[in-house]
file upload-v7.cif (mmCIF, C-alpha atoms)
data_my_file
#
loop_
_atom_site.label_atom_id
_atom_site.label_comp_id
_atom_site.auth_asym_id
_atom_site.auth_seq_id
_atom_site.Cartn_x
_atom_site.Cartn_y
_atom_site.Cartn_z
CA MET Q 1 29.51 1.86 -281.03
CA SER Q 2 32.87 0.21 -280.77
CA GLU Q 3 34.74 0.90 -277.56
CA SER Q 4 37.91 1.08 -279.67
CA VAL Q 5 37.03 4.54 -281.00
CA GLN Q 6 39.82 6.83 -279.83
CA GLY Q 7 39.07 10.22 -278.26
CA GLY Q 8 40.47 12.13 -281.24
CA GLN Q 9 38.37 10.11 -283.64
CA LEU Q 10 35.26 10.69 -281.54
CA GLY Q 11 36.08 14.40 -281.47
CA LEU Q 12 36.41 14.51 -285.25
CA ALA Q 13 33.12 12.63 -285.66
CA GLY Q 14 31.49 15.19 -283.35
CA GLU Q 15 32.78 18.07 -285.45
CA TYR Q 16 31.32 16.50 -288.60
CA PHE Q 17 28.00 15.78 -286.84
CA VAL Q 18 27.75 19.43 -285.74
CA ALA Q 19 28.81 20.82 -289.12
CA GLY Q 20 26.12 18.68 -290.74
CA GLN Q 21 23.48 19.94 -288.33
CA LEU Q 22 24.50 23.54 -288.97
CA ILE Q 23 24.34 23.07 -292.74
CA LEU Q 24 20.90 21.47 -292.49
CA ARG Q 25 19.78 24.55 -290.52
CA GLY Q 26 20.92 26.96 -293.24
CA TRP Q 27 24.40 27.84 -291.99
CA ALA Q 28 27.50 27.78 -294.19
CA ALA Q 29 29.89 25.82 -291.96
CA ALA Q 30 33.61 25.16 -292.30
CA LEU Q 31 35.79 22.98 -290.10
CA THR Q 32 39.01 24.67 -289.01
CA LYS Q 33 40.78 21.27 -289.01
CA GLY Q 34 43.08 22.17 -286.16
CA ASN Q 35 44.12 25.54 -287.55
CA SER Q 36 42.54 27.35 -284.62
CA GLN Q 37 43.26 26.32 -281.06
CA ASP Q 38 39.81 26.95 -279.57
CA VAL Q 39 37.53 27.04 -282.63
CA ASP Q 40 36.45 23.87 -284.43
CA ILE Q 41 33.85 25.35 -286.79
CA LEU Q 42 33.30 28.77 -288.33
CA ALA Q 43 29.76 29.34 -289.56
CA ARG Q 44 27.82 32.08 -291.31
CA LYS Q 45 24.12 32.62 -291.89
CA GLY Q 46 23.17 35.90 -293.49
CA PRO Q 47 24.99 38.64 -291.58
CA ARG Q 48 25.58 36.41 -288.53
CA ASN Q 49 29.00 34.78 -287.94
CA ILE Q 50 29.68 32.31 -285.15
CA ALA Q 51 32.69 30.43 -283.85
CA VAL Q 52 31.98 26.99 -282.39
CA GLN Q 53 33.94 24.71 -280.09
CA VAL Q 54 32.69 21.12 -280.28
CA LYS Q 55 33.01 18.64 -277.44
CA ALA Q 56 32.10 15.04 -278.31
CA VAL Q 57 31.56 12.53 -275.54
CA ARG Q 58 29.86 9.27 -274.74
CA ASN Q 59 27.69 9.73 -271.64
CA ASN Q 60 30.23 11.59 -269.52
CA ASP Q 61 31.16 15.17 -268.68
CA PRO Q 62 33.41 16.57 -271.41
CA PRO Q 63 36.67 18.19 -270.35
CA LEU Q 64 37.21 21.89 -270.92
CA LYS Q 65 40.15 23.62 -269.30
CA PRO Q 66 39.16 26.91 -267.66
CA ASN Q 67 41.63 28.87 -269.79
CA ARG Q 68 39.89 27.48 -272.92
CA LEU Q 69 36.46 28.79 -271.90
CA HIS Q 70 35.62 31.93 -273.88
CA ASP Q 71 32.47 34.01 -273.48
CA ASP Q 72 32.29 34.82 -277.21
CA LEU Q 73 32.31 31.19 -278.42
CA THR Q 74 29.38 28.84 -278.79
CA TYR Q 75 29.97 25.40 -277.30
CA ILE Q 76 28.16 22.45 -278.78
CA VAL Q 77 28.42 19.25 -276.79
CA VAL Q 78 27.62 16.11 -278.77
CA ASP Q 79 26.76 13.11 -276.64
CA VAL Q 80 27.29 10.24 -279.06
CA VAL Q 81 24.99 7.69 -277.49
CA ASN Q 82 25.50 5.26 -280.38
CA PRO Q 83 26.19 5.58 -284.13
CA ASP Q 84 22.51 6.33 -284.81
CA THR Q 85 21.71 8.60 -281.87
CA GLN Q 86 23.34 11.83 -280.81
CA ARG Q 87 22.26 14.47 -278.32
CA TYR Q 88 23.26 18.06 -279.03
CA TYR Q 89 23.62 20.75 -276.37
CA VAL Q 90 24.08 24.27 -277.76
CA ILE Q 91 25.48 26.57 -275.07
CA PRO Q 92 26.75 30.15 -275.38
CA GLY Q 93 30.13 30.57 -273.68
CA HIS Q 94 28.98 33.30 -271.31
CA ILE Q 95 26.25 30.97 -270.02
CA LEU Q 96 28.50 27.89 -269.88
CA ARG Q 97 30.84 29.86 -267.61
CA GLN Q 98 28.05 29.89 -264.99
CA PHE Q 99 28.02 26.10 -264.52
CA HIS Q 100 31.39 24.91 -265.81
CA TYR Q 101 33.33 23.35 -262.93
CA SER Q 102 36.96 22.62 -262.16
CA ALA Q 103 38.26 19.25 -261.15
CA PRO Q 104 39.25 18.88 -257.50
CA ASN Q 105 42.92 19.32 -258.41
CA GLY Q 106 42.03 22.54 -260.25
CA ILE Q 107 44.02 21.58 -263.34
CA ASP Q 108 41.23 20.83 -265.75
CA GLY Q 109 37.55 21.55 -265.88
CA ARG Q 110 34.39 19.84 -267.01
CA ILE Q 111 31.07 20.63 -268.62
CA PRO Q 112 28.43 18.91 -266.44
CA LEU Q 113 26.00 17.11 -268.76
CA LYS Q 114 23.40 16.96 -265.97
CA LYS Q 115 23.22 20.78 -266.10
CA CYS Q 116 23.04 20.96 -269.90
CA GLY Q 117 19.47 19.67 -270.26
CA ASP Q 118 17.99 23.14 -270.84
CA PHE Q 119 20.28 23.51 -273.85
CA GLU Q 120 19.46 20.23 -275.60
CA ASN Q 121 18.63 20.96 -279.25
CA ARG Q 122 18.63 24.69 -278.57
CA TRP Q 123 19.79 25.56 -282.06
CA ASP Q 124 17.76 28.76 -281.72
CA VAL Q 125 20.46 30.28 -279.47
CA LEU Q 126 22.65 30.55 -282.55
CA GLU Q 127 20.25 33.11 -283.98
CA ALA Q 128 20.43 35.43 -280.95
#
call {"tool": "encode", "arguments": {"input": "upload-v7.cif", "output": "C-alpha coordinates"}}
result
Amino acid sequence: MSESVQGGQLGLAGEYFVAGQLILRGWAAALTKGNSQDVDILARKGPRNIAVQVKAVRNNDPPLKPNRLHDDLTYIVVDVVNPDTQRYYVIPGHILRQFHYSAPNGIDGRIPLKKCGDFENRWDVLEA
(Lines of atoms letter the chains of each structure in order from A and count residues from 1; the text may use other names and numbers.)
(Lines give C-alpha, C1' and ligand atoms only; values in the text may rest on other atoms or scores of the structure.)
Protein backbone atom coordinates (compact mmCIF):
# COMPACT_ATOMS: atom_id res chain seq x y z
CA MET A 1 0.00 0.00 0.00
CA SER A 2 1.25 3.44 -0.80
CA GLU A 3 2.54 5.39 2.17
CA SER A 4 0.92 8.47 0.61
CA VAL A 5 -2.58 7.37 1.65
CA GLN A 6 -3.86 10.09 3.97
CA GLY A 7 -5.55 9.23 7.28
CA GLY A 8 -8.95 10.42 6.07
CA GLN A 9 -8.68 8.33 2.93
CA LEU A 10 -7.66 5.28 4.95
CA GLY A 11 -10.62 5.91 7.26
CA LEU A 12 -13.02 6.10 4.33
CA ALA A 13 -11.57 2.89 2.86
CA GLY A 14 -12.10 1.22 6.24
CA GLU A 15 -15.74 2.29 6.32
CA TYR A 16 -16.31 0.79 2.87
CA PHE A 17 -14.47 -2.42 3.83
CA VAL A 18 -16.68 -2.81 6.92
CA ALA A 19 -19.89 -1.94 5.07
CA GLY A 20 -19.01 -4.58 2.48
CA GLN A 21 -18.39 -7.19 5.16
CA LEU A 22 -21.70 -6.38 6.84
CA ILE A 23 -23.60 -6.65 3.56
CA LEU A 24 -21.96 -10.00 2.78
CA ARG A 25 -23.14 -11.19 6.22
CA GLY A 26 -26.77 -10.28 5.52
CA TRP A 27 -26.93 -6.80 7.05
CA ALA A 28 -28.40 -3.78 5.27
CA ALA A 29 -25.65 -1.22 5.86
CA ALA A 30 -25.56 2.52 5.19
CA LEU A 31 -22.64 4.88 5.61
CA THR A 32 -23.51 8.04 7.51
CA LYS A 33 -20.93 9.98 5.44
CA GLY A 34 -20.05 12.35 8.26
CA ASN A 35 -23.64 13.16 9.20
CA SER A 36 -23.20 11.61 12.63
CA GLN A 37 -20.27 12.50 14.83
CA ASP A 38 -19.65 9.08 16.39
CA VAL A 39 -21.44 6.69 14.02
CA ASP A 40 -19.95 5.70 10.66
CA ILE A 41 -22.39 2.95 9.68
CA LEU A 42 -26.00 2.17 10.54
CA ALA A 43 -26.98 -1.44 9.90
CA ARG A 44 -30.09 -3.58 10.17
CA LYS A 45 -30.64 -7.31 10.04
CA GLY A 46 -34.16 -8.49 10.76
CA PRO A 47 -35.28 -6.73 13.94
CA ARG A 48 -31.70 -5.92 15.00
CA ASN A 49 -30.27 -2.41 14.49
CA ILE A 50 -26.66 -1.50 15.21
CA ALA A 51 -24.57 1.65 15.10
CA VAL A 52 -20.91 1.16 14.17
CA GLN A 53 -17.83 3.32 14.61
CA VAL A 54 -15.02 2.24 12.28
CA LYS A 55 -11.35 2.79 13.04
CA ALA A 56 -8.97 2.02 10.16
CA VAL A 57 -5.26 1.71 10.84
CA ARG A 58 -2.08 0.21 9.50
CA ASN A 59 -0.44 -1.86 12.23
CA ASN A 60 -0.79 0.65 15.05
CA ASP A 61 -3.17 1.44 17.89
CA PRO A 62 -6.08 3.51 16.57
CA PRO A 63 -6.92 6.72 18.39
CA LEU A 64 -10.23 7.06 20.19
CA LYS A 65 -10.81 9.97 22.53
CA PRO A 66 -12.36 8.88 25.84
CA ASN A 67 -15.37 11.16 25.34
CA ARG A 68 -16.05 9.38 22.00
CA LEU A 69 -16.26 5.93 23.60
CA HIS A 70 -19.89 4.86 23.94
CA ASP A 71 -21.11 1.63 25.51
CA ASP A 72 -24.00 1.27 23.04
CA LEU A 73 -21.86 1.43 19.88
CA THR A 74 -20.04 -1.39 18.16
CA TYR A 75 -16.44 -0.58 17.25
CA ILE A 76 -14.88 -2.29 14.27
CA VAL A 77 -11.16 -1.80 13.92
CA VAL A 78 -9.82 -2.52 10.44
CA ASP A 79 -6.09 -3.14 10.31
CA VAL A 80 -5.32 -2.56 6.65
CA VAL A 81 -2.20 -4.67 6.35
CA ASN A 82 -2.06 -4.15 2.57
CA PRO A 83 -4.62 -3.62 -0.21
CA ASP A 84 -5.40 -7.35 -0.30
CA THR A 85 -5.37 -8.15 3.41
CA GLN A 86 -7.39 -6.65 6.22
CA ARG A 87 -7.91 -7.77 9.80
CA TYR A 88 -11.25 -6.98 11.42
CA TYR A 89 -11.79 -6.65 15.16
CA VAL A 90 -15.46 -6.42 16.19
CA ILE A 91 -15.73 -5.03 19.73
CA PRO A 92 -18.84 -3.95 21.66
CA GLY A 93 -18.35 -0.54 23.26
CA HIS A 94 -19.01 -1.74 26.81
CA ILE A 95 -16.21 -4.29 26.41
CA LEU A 96 -13.83 -1.90 24.66
CA ARG A 97 -14.16 0.42 27.66
CA GLN A 98 -12.42 -2.26 29.75
CA PHE A 99 -9.13 -2.09 27.83
CA HIS A 100 -9.17 1.29 26.09
CA TYR A 101 -6.31 3.40 27.43
CA SER A 102 -5.49 7.10 27.60
CA ALA A 103 -2.29 8.60 26.35
CA PRO A 104 0.15 9.74 29.04
CA ASN A 105 -0.97 13.35 28.58
CA GLY A 106 -4.59 12.23 29.07
CA ILE A 107 -5.82 14.15 26.04
CA ASP A 108 -6.51 11.31 23.67
CA GLY A 109 -6.94 7.60 23.99
CA ARG A 110 -6.06 4.49 22.05
CA ILE A 111 -7.46 1.08 21.25
CA PRO A 112 -4.62 -1.39 21.94
CA LEU A 113 -4.45 -3.81 19.00
CA LYS A 114 -2.48 -6.29 21.13
CA LYS A 115 -5.56 -6.67 23.34
CA CYS A 116 -8.00 -7.00 20.43
CA GLY A 117 -6.98 -10.51 19.36
CA ASP A 118 -9.99 -12.18 21.00
CA PHE A 119 -12.24 -10.02 18.83
CA GLU A 120 -10.66 -10.75 15.45
CA ASN A 121 -13.39 -11.75 12.99
CA ARG A 122 -15.94 -11.91 15.80
CA TRP A 123 -18.82 -10.92 13.55
CA ASP A 124 -21.02 -13.09 15.77
CA VAL A 125 -21.04 -10.39 18.48
CA LEU A 126 -23.25 -8.33 16.19
CA GLU A 127 -26.00 -10.90 16.61
CA ALA A 128 -26.01 -10.74 20.43
call {"tool": "atom_distance", "arguments": {"input": "upload-v7.cif", "atom1": "CA of Lys33 (chain Q)", "atom2": "CA of Lys55 (chain Q)"}}
result
14.2 Å
call {"tool": "residues_near_point", "arguments": {"input": "upload-v7.cif", "point": "(25.7, 8.0, -267.6)", "cutoff": "10 Å", "atoms": "all atoms listed in the file", "output": "number ranges by chain"}}
result
Q: 58-61, 81, 113-114
call {"tool": "resolve_selection", "arguments": {"input": "upload-v7.cif", "expression": "the PyMOL selection byres ((chain Q and resi 16-23) around 10)", "output": "PyMOL selection string"}}
result
chain Q and resi 10-15+24-31+40-45+52-56+76-78+80+86+88+123+126
call {"tool": "closest_residue", "arguments": {"input": "upload-v7.cif", "among": "Q:Leu96, Q:Val90, Q:Ala103, Q:Val57", "to": "Asn121 (chain Q)", "atoms": "only C-alpha atoms"}}
result
Q:Val90
call {"tool": "resolve_selection", "arguments": {"input": "upload-v7.cif", "expression": "the PyMOL selection byres ((chain Q and resi 108) around 12)", "output": "ChimeraX atom specification"}}
result
/Q:61-69,100-107,109-111
call {"tool": "atom_distance", "arguments": {"input": "upload-v7.cif", "atom1": "CA of Phe99 (chain Q)", "atom2": "CA of Asp38 (chain Q)"}}
result
19.1 Å
call {"tool": "atom_distance", "arguments": {"input": "upload-v7.cif", "atom1": "CA of Gly117 (chain Q)", "atom2": "CA of Thr85 (chain Q)"}}
result
16.2 Å
call {"tool": "axis_aligned_box", "arguments": {"input": "upload-v7.cif", "around": "region 57-63 of chain Q", "padding_each_side": "3 Å", "output": "lines of an AutoDock Vina configuration file"}}
result
center_x = 32.2
center_y = 13.7
center_z = -272.1
size_x = 15.0
size_y = 14.9
size_z = 12.9
call {"tool": "resolve_selection", "arguments": {"input": "upload-v7.cif", "expression": "the PyMOL selection byres ((chain Q and resi 94) around 12)", "output": "list in words"}}
result
Leu69, His70, Asp71, Asp72, Leu73, Thr74, Tyr75, Ile91, Pro92, Gly93, Ile95, Leu96, Arg97, Gln98, Phe99 and His100 of chain Q
call {"tool": "write_last_selection", "arguments": {"input": "upload-v7.cif", "atoms": "C-alpha atoms", "output": "mmCIF file, in the frame of the given file"}}
result
data_model
loop_
_atom_site.group_PDB
_atom_site.id
_atom_site.type_symbol
_atom_site.label_atom_id
_atom_site.label_comp_id
_atom_site.auth_asym_id
_atom_site.auth_seq_id
_atom_site.Cartn_x
_atom_site.Cartn_y
_atom_site.Cartn_z
ATOM 1 C CA LEU Q 69 36.460 28.790 -271.900
ATOM 2 C CA HIS Q 70 35.620 31.930 -273.880
ATOM 3 C CA ASP Q 71 32.470 34.010 -273.480
ATOM 4 C CA ASP Q 72 32.290 34.820 -277.210
ATOM 5 C CA LEU Q 73 32.310 31.190 -278.420
ATOM 6 C CA THR Q 74 29.380 28.840 -278.790
ATOM 7 C CA TYR Q 75 29.970 25.400 -277.300
ATOM 8 C CA ILE Q 91 25.480 26.570 -275.070
ATOM 9 C CA PRO Q 92 26.750 30.150 -275.380
ATOM 10 C CA GLY Q 93 30.130 30.570 -273.680
ATOM 11 C CA ILE Q 95 26.250 30.970 -270.020
ATOM 12 C CA LEU Q 96 28.500 27.890 -269.880
ATOM 13 C CA ARG Q 97 30.840 29.860 -267.610
ATOM 14 C CA GLN Q 98 28.050 29.890 -264.990
ATOM 15 C CA PHE Q 99 28.020 26.100 -264.520
ATOM 16 C CA HIS Q 100 31.390 24.910 -265.810
#
call {"tool": "decode", "arguments": {"input": "upload-v7.cif", "residues": "region 74-90 of chain Q", "atoms": "all heavy atoms", "output": "mmCIF file, in the first residue's frame"}}
result
data_model
loop_
_atom_site.group_PDB
_atom_site.id
_atom_site.type_symbol
_atom_site.label_atom_id
_atom_site.label_comp_id
_atom_site.auth_asym_id
_atom_site.auth_seq_id
_atom_site.Cartn_x
_atom_site.Cartn_y
_atom_site.Cartn_z
ATOM 1 N N THR Q 74 -20.950 -0.311 18.499
ATOM 2 C CA THR Q 74 -20.036 -1.388 18.156
ATOM 3 C C THR Q 74 -18.857 -0.748 17.445
ATOM 4 O O THR Q 74 -19.045 0.072 16.539
ATOM 5 C CB THR Q 74 -20.714 -2.420 17.229
ATOM 6 O OG1 THR Q 74 -21.837 -2.971 17.906
ATOM 7 C CG2 THR Q 74 -19.754 -3.520 16.841
ATOM 8 N N TYR Q 75 -17.659 -1.110 17.858
ATOM 9 C CA TYR Q 75 -16.438 -0.578 17.247
ATOM 10 C C TYR Q 75 -15.825 -1.673 16.391
ATOM 11 O O TYR Q 75 -15.653 -2.804 16.862
ATOM 12 C CB TYR Q 75 -15.452 -0.106 18.324
ATOM 13 C CG TYR Q 75 -15.998 1.077 19.068
ATOM 14 C CD1 TYR Q 75 -16.884 0.918 20.122
ATOM 15 C CD2 TYR Q 75 -15.676 2.364 18.666
ATOM 16 C CE1 TYR Q 75 -17.430 2.006 20.774
ATOM 17 C CE2 TYR Q 75 -16.221 3.465 19.319
ATOM 18 C CZ TYR Q 75 -17.096 3.277 20.368
ATOM 19 O OH TYR Q 75 -17.641 4.363 21.006
ATOM 20 N N ILE Q 76 -15.552 -1.345 15.154
ATOM 21 C CA ILE Q 76 -14.882 -2.291 14.275
ATOM 22 C C ILE Q 76 -13.574 -1.652 13.837
ATOM 23 O O ILE Q 76 -13.561 -0.625 13.157
ATOM 24 C CB ILE Q 76 -15.752 -2.701 13.077
ATOM 25 C CG1 ILE Q 76 -17.061 -3.333 13.577
ATOM 26 C CG2 ILE Q 76 -14.972 -3.683 12.182
ATOM 27 C CD1 ILE Q 76 -18.007 -3.795 12.495
ATOM 28 N N VAL Q 77 -12.491 -2.272 14.281
ATOM 29 C CA VAL Q 77 -11.156 -1.805 13.919
ATOM 30 C C VAL Q 77 -10.727 -2.602 12.696
ATOM 31 O O VAL Q 77 -10.781 -3.836 12.694
ATOM 32 C CB VAL Q 77 -10.149 -2.012 15.069
ATOM 33 C CG1 VAL Q 77 -8.751 -1.581 14.646
ATOM 34 C CG2 VAL Q 77 -10.600 -1.254 16.317
ATOM 35 N N VAL Q 78 -10.307 -1.891 11.657
ATOM 36 C CA VAL Q 78 -9.816 -2.520 10.442
ATOM 37 C C VAL Q 78 -8.327 -2.238 10.364
ATOM 38 O O VAL Q 78 -7.917 -1.080 10.219
ATOM 39 C CB VAL Q 78 -10.497 -1.948 9.177
ATOM 40 C CG1 VAL Q 78 -10.030 -2.687 7.934
ATOM 41 C CG2 VAL Q 78 -11.994 -1.984 9.294
ATOM 42 N N ASP Q 79 -7.536 -3.280 10.489
ATOM 43 C CA ASP Q 79 -6.093 -3.144 10.315
ATOM 44 C C ASP Q 79 -5.820 -3.454 8.848
ATOM 45 O O ASP Q 79 -5.917 -4.605 8.415
ATOM 46 C CB ASP Q 79 -5.357 -4.113 11.243
ATOM 47 C CG ASP Q 79 -3.850 -3.910 11.231
ATOM 48 O OD1 ASP Q 79 -3.355 -3.023 10.499
ATOM 49 O OD2 ASP Q 79 -3.165 -4.650 11.956
ATOM 50 N N VAL Q 80 -5.535 -2.414 8.080
ATOM 51 C CA VAL Q 80 -5.316 -2.559 6.645
ATOM 52 C C VAL Q 80 -3.846 -2.908 6.438
ATOM 53 O O VAL Q 80 -2.995 -2.034 6.308
ATOM 54 C CB VAL Q 80 -5.706 -1.281 5.880
ATOM 55 C CG1 VAL Q 80 -5.546 -1.481 4.382
ATOM 56 C CG2 VAL Q 80 -7.147 -0.884 6.213
ATOM 57 N N VAL Q 81 -3.568 -4.192 6.461
ATOM 58 C CA VAL Q 81 -2.196 -4.674 6.346
ATOM 59 C C VAL Q 81 -1.629 -4.302 4.987
ATOM 60 O O VAL Q 81 -0.515 -3.808 4.872
ATOM 61 C CB VAL Q 81 -2.142 -6.198 6.586
ATOM 62 C CG1 VAL Q 81 -0.732 -6.723 6.419
ATOM 63 C CG2 VAL Q 81 -2.698 -6.529 7.963
ATOM 64 N N ASN Q 82 -2.398 -4.543 3.944
ATOM 65 C CA ASN Q 82 -2.059 -4.147 2.574
ATOM 66 C C ASN Q 82 -3.364 -4.127 1.792
ATOM 67 O O ASN Q 82 -4.406 -4.492 2.333
ATOM 68 C CB ASN Q 82 -0.989 -5.080 1.970
ATOM 69 C CG ASN Q 82 -1.455 -6.513 1.864
ATOM 70 O OD1 ASN Q 82 -2.516 -6.795 1.303
ATOM 71 N ND2 ASN Q 82 -0.684 -7.443 2.415
ATOM 72 N N PRO Q 83 -3.355 -3.714 0.522
ATOM 73 C CA PRO Q 83 -4.621 -3.616 -0.215
ATOM 74 C C PRO Q 83 -5.410 -4.923 -0.309
ATOM 75 O O PRO Q 83 -6.623 -4.903 -0.487
ATOM 76 C CB PRO Q 83 -4.191 -3.145 -1.611
ATOM 77 C CG PRO Q 83 -2.928 -2.409 -1.379
ATOM 78 C CD PRO Q 83 -2.241 -3.167 -0.259
ATOM 79 N N ASP Q 84 -4.726 -6.061 -0.168
ATOM 80 C CA ASP Q 84 -5.400 -7.350 -0.298
ATOM 81 C C ASP Q 84 -5.712 -8.026 1.030
ATOM 82 O O ASP Q 84 -6.392 -9.048 1.053
ATOM 83 C CB ASP Q 84 -4.535 -8.297 -1.139
ATOM 84 C CG ASP Q 84 -4.324 -7.762 -2.552
ATOM 85 O OD1 ASP Q 84 -5.304 -7.269 -3.144
ATOM 86 O OD2 ASP Q 84 -3.190 -7.816 -3.040
ATOM 87 N N THR Q 85 -5.206 -7.493 2.121
ATOM 88 C CA THR Q 85 -5.366 -8.151 3.413
ATOM 89 C C THR Q 85 -5.791 -7.153 4.480
ATOM 90 O O THR Q 85 -5.106 -6.162 4.703
ATOM 91 C CB THR Q 85 -4.044 -8.813 3.856
ATOM 92 O OG1 THR Q 85 -3.598 -9.698 2.829
ATOM 93 C CG2 THR Q 85 -4.222 -9.583 5.147
ATOM 94 N N GLN Q 86 -6.919 -7.457 5.107
ATOM 95 C CA GLN Q 86 -7.392 -6.647 6.223
ATOM 96 C C GLN Q 86 -7.696 -7.577 7.389
ATOM 97 O O GLN Q 86 -8.101 -8.715 7.193
ATOM 98 C CB GLN Q 86 -8.666 -5.861 5.874
ATOM 99 C CG GLN Q 86 -8.514 -4.861 4.758
ATOM 100 C CD GLN Q 86 -8.608 -5.500 3.403
ATOM 101 O OE1 GLN Q 86 -9.474 -6.331 3.167
ATOM 102 N NE2 GLN Q 86 -7.712 -5.136 2.505
ATOM 103 N N ARG Q 87 -7.506 -7.053 8.592
ATOM 104 C CA ARG Q 87 -7.911 -7.771 9.796
ATOM 105 C C ARG Q 87 -9.031 -6.957 10.441
ATOM 106 O O ARG Q 87 -8.909 -5.746 10.574
ATOM 107 C CB ARG Q 87 -6.740 -7.902 10.764
ATOM 108 C CG ARG Q 87 -5.670 -8.837 10.268
ATOM 109 C CD ARG Q 87 -4.634 -9.094 11.369
ATOM 110 N NE ARG Q 87 -3.608 -9.962 10.873
ATOM 111 C CZ ARG Q 87 -2.382 -9.560 10.504
ATOM 112 N NH1 ARG Q 87 -2.043 -8.293 10.618
ATOM 113 N NH2 ARG Q 87 -1.508 -10.418 10.048
ATOM 114 N N TYR Q 88 -10.088 -7.639 10.823
ATOM 115 C CA TYR Q 88 -11.247 -6.978 11.417
ATOM 116 C C TYR Q 88 -11.385 -7.393 12.874
ATOM 117 O O TYR Q 88 -11.347 -8.582 13.196
ATOM 118 C CB TYR Q 88 -12.526 -7.362 10.670
ATOM 119 C CG TYR Q 88 -12.527 -6.946 9.227
ATOM 120 C CD1 TYR Q 88 -12.064 -7.809 8.237
ATOM 121 C CD2 TYR Q 88 -12.991 -5.693 8.845
ATOM 122 C CE1 TYR Q 88 -12.065 -7.432 6.902
ATOM 123 C CE2 TYR Q 88 -13.002 -5.306 7.517
ATOM 124 C CZ TYR Q 88 -12.534 -6.180 6.549
ATOM 125 O OH TYR Q 88 -12.529 -5.801 5.231
ATOM 126 N N TYR Q 89 -11.568 -6.410 13.742
ATOM 127 C CA TYR Q 89 -11.794 -6.650 15.163
ATOM 128 C C TYR Q 89 -13.146 -6.031 15.514
ATOM 129 O O TYR Q 89 -13.320 -4.818 15.380
ATOM 130 C CB TYR Q 89 -10.678 -6.020 16.000
ATOM 131 C CG TYR Q 89 -9.304 -6.532 15.616
ATOM 132 C CD1 TYR Q 89 -8.534 -5.863 14.674
ATOM 133 C CD2 TYR Q 89 -8.793 -7.695 16.187
ATOM 134 C CE1 TYR Q 89 -7.289 -6.337 14.309
ATOM 135 C CE2 TYR Q 89 -7.536 -8.168 15.828
ATOM 136 C CZ TYR Q 89 -6.793 -7.488 14.890
ATOM 137 O OH TYR Q 89 -5.552 -7.965 14.521
ATOM 138 N N VAL Q 90 -14.089 -6.857 15.933
ATOM 139 C CA VAL Q 90 -15.457 -6.420 16.194
ATOM 140 C C VAL Q 90 -15.656 -6.400 17.718
ATOM 141 O O VAL Q 90 -15.693 -7.453 18.356
ATOM 142 C CB VAL Q 90 -16.474 -7.372 15.518
ATOM 143 C CG1 VAL Q 90 -17.895 -6.857 15.716
ATOM 144 C CG2 VAL Q 90 -16.143 -7.543 14.034
#
